[in-house]
Amino acid sequence: MSVTDPATEPALRAMIVPVTPIEQNCTIIWCTKTKKGAVIDPGGDLPRIKAAVAQAGIAIEKILLTHGHIDHAGEAKPLAEELGVEIEGPHEDDRFWLARLGEDGRNWGIRGVPFEPNRWLVDGDTVTVGELTLDVYHTPGHTAGHVIFHHAPSKFAQVGDVLFQGSVGRTDLPQGNHKMLINSIVTKLWPLGSDTAFIPGHGKPSTFAHERQWNMFVSDEALEA
């Protein structure tokens, strides 16, 4: 039997639950002191998400959304209703995407339930999870209302579809803007520190340091070219 030393237990833990046929990284984060958590971007596969929550032994107190695309937000409302919790995020500029979740769900073969969150988020806001406080940054480009969540003490960020390991978010969908996306990465993400580890909306986690060195779109070398 192993015993966790409270003195060495990190304040925040995170778990990735891939959901939908698009393999979106639904992320469960929780405060290790209180065992209270949040589900970030529950785009679908609710039984899988609830099983992961039960296995972790935590109590979900809210849902957080980075943006309104179907694979990230499609089943946010049903999950909120099942758990009796509220939805916070994204920025109100993604009202366009949340309103069309039903239509997009039919197009993608994914359940999509339109809704408005209990709280829209803006740049400079904070959200709480247990005793944790995460900073909110408005990072438009992939969508107009995209936000990311950053926990400075843990050097951790959930960045949705802004930045990936080796790539960046697509900007060819309605309200996408590549120049704005790159600006969000450079002015909002990089100042958080190269030692920040992040979970993206798809693919493997990485660090800002790794992307600044190797990412063909936003490495320091690529941006200087």
# chains A, B, ... in the order shown; residues from 1 in each chain; ligands from 1
$ residues_around --residues "Pro18 in chain A" --least-positions-apart "6" --cutoff "10 Å" --atoms "only C-alpha atoms" --output "ChimeraX atom specification"
/A:24-27,42-45,48-49,201-203
$ write_last_selection --atoms "C-alpha atoms" --output "PDB file, in the first residue's frame"
ATOM      1  CA  GLN A  24     -11.169  15.887 -28.219  1.00  0.00           C
ATOM      2  CA  ASN A  25      -9.269  16.165 -24.929  1.00  0.00           C
ATOM      3  CA  CYS A  26     -12.014  16.628 -22.369  1.00  0.00           C
ATOM      4  CA  THR A  27     -10.003  17.535 -19.269  1.00  0.00           C
ATOM      5  CA  PRO A  42     -17.349  17.884 -22.251  1.00  0.00           C
ATOM      6  CA  GLY A  43     -18.041  17.535 -25.944  1.00  0.00           C
ATOM      7  CA  GLY A  44     -19.591  14.073 -25.727  1.00  0.00           C
ATOM      8  CA  ASP A  45     -19.301  10.521 -24.385  1.00  0.00           C
ATOM      9  CA  ARG A  48     -16.891   7.872 -20.173  1.00  0.00           C
ATOM     10  CA  ILE A  49     -16.483  11.252 -18.478  1.00  0.00           C
ATOM     11  CA  GLY A 201      -7.837  20.380 -27.170  1.00  0.00           C
ATOM     12  CA  HIS A 202      -6.434  17.512 -29.227  1.00  0.00           C
ATOM     13  CA  GLY A 203      -3.256  15.459 -29.145  1.00  0.00           C
TER      14      GLY A 203
END
$ select_by_dssp --residues "range 42-215 of chain A" --states "strand (DSSP E)" --output "ChimeraX atom specification"
/A:59-64,86-88,126-129,132-138,147-151,156-160,163-164,167-168,197-200,206-207
$ closest_atom_pairs --of "range 63-128 of chain A" --to "range 143-147 of chain A" --cutoff "10 Å" --atoms "only C-alpha atoms" --output "CSV"
residue,atom,partner,partner_atom,distance
A:Leu64,CA,A:Val147,CA,10.0
A:Leu65,CA,A:Val147,CA,7.9
A:Thr66,CA,A:Val147,CA,4.9
A:His67,CA,A:His146,CA,4.7
A:Gly68,CA,A:His146,CA,7.8
A:His69,CA,A:Thr143,CA,8.4
A:Gly89,CA,A:Val147,CA,7.6
A:Pro90,CA,A:Val147,CA,6.0
A:His91,CA,A:Gly145,CA,4.5
A:Glu92,CA,A:Gly145,CA,6.0
A:Asp93,CA,A:Gly145,CA,4.3
A:Asp94,CA,A:Gly145,CA,4.5
A:Arg95,CA,A:Gly145,CA,8.0
A:Phe96,CA,A:Gly145,CA,9.3
A:Trp97,CA,A:Thr143,CA,8.7
A:Trp120,CA,A:Gly145,CA,9.6
A:Leu121,CA,A:Val147,CA,7.8
A:Val122,CA,A:Val147,CA,8.0
A:Asp123,CA,A:Val147,CA,7.9
$ closest_atom_pairs --of "range 156-206 of chain A" --to "range 132-136 of chain A" --cutoff "12 Å" --atoms "only C-alpha atoms" --output "tab-separated table"
residue	atom	partner	partner_atom	distance
A:Phe156	CA	A:Leu134	CA	9.5
A:Ala157	CA	A:Leu134	CA	8.9
A:Gln158	CA	A:Leu134	CA	10.1
A:Val159	CA	A:Val136	CA	10.3
A:Lys188	CA	A:Val136	CA	10.2
A:Leu189	CA	A:Val136	CA	11.2
A:Leu192	CA	A:Asp135	CA	10.6
$ select_by_dssp --residues "range 6-90 of chain A" --states "helix (DSSP H, G or I)" --output "list in words"
Leu46, Pro47, Arg48, Ile49, Lys50, Ala51, Ala52, Val53, Ala54, Gln55, Ala56, Ile70, Asp71, His72, Ala73, Ala76, Lys77, Pro78, Leu79, Ala80, Glu81, Glu82 and Leu83 of chain A
$ closest_residue --among "A:Ile199, A:Leu79, A:Val218, A:Ala59" --to "His150 in chain A" --atoms "only C-alpha atoms"
A:Ile199
$ closest_residue --among "A:Glu61, A:Glu131, A:Asp220, A:Asp125" --to "Leu12 in chain A" --atoms "only C-alpha atoms"
A:Glu131
$ closest_residue --among "A:Ile58, A:Ala51, A:Ile87, A:Ile185" --to "Thr32 in chain A" --atoms "only C-alpha atoms"
A:Ile58
$ atom_distance --atom1 "CA of Pro140 in chain A" --atom2 "CA of Leu181 in chain A"
6.0 Å
$ residues_around --residues "Gly166 in chain A" --least-positions-apart "3" --cutoff "7 Å" --atoms "only C-alpha atoms" --output "list in words"
Glu211, Trp214, Asn215 and Met216 of chain A
$ write_last_selection --atoms "N, CA and C atoms" --output "compact mmCIF listing (two decimals), in the first residue's frame"
# COMPACT_ATOMS: atom_id res chain seq x y z
N GLU A 211 7.25 24.21 -27.64
CA GLU A 211 6.64 24.80 -28.83
C GLU A 211 7.41 26.01 -29.32
N TRP A 214 10.25 24.22 -31.26
CA TRP A 214 10.03 23.27 -32.34
C TRP A 214 8.78 23.47 -33.17
N ASN A 215 7.82 24.26 -32.72
CA ASN A 215 6.56 24.40 -33.44
C ASN A 215 6.78 25.20 -34.73
N MET A 216 6.46 24.59 -35.86
CA MET A 216 6.76 25.22 -37.15
C MET A 216 5.96 26.50 -37.41
$ closest_residue --among "A:Pro21, A:Phe217, A:His142, A:Glu224" --to "Pro174 in chain A" --atoms "only C-alpha atoms"
A:His142
$ atom_distance --atom1 "CA of Ala222 in chain A" --atom2 "CA of Gly160 in chain A"
22.0 Å
$ residues_around --residues "Ala14 in chain A" --least-positions-apart "6" --cutoff "7 Å" --atoms "only C-alpha atoms" --output "PyMOL selection string"
chain A and resi 27-30
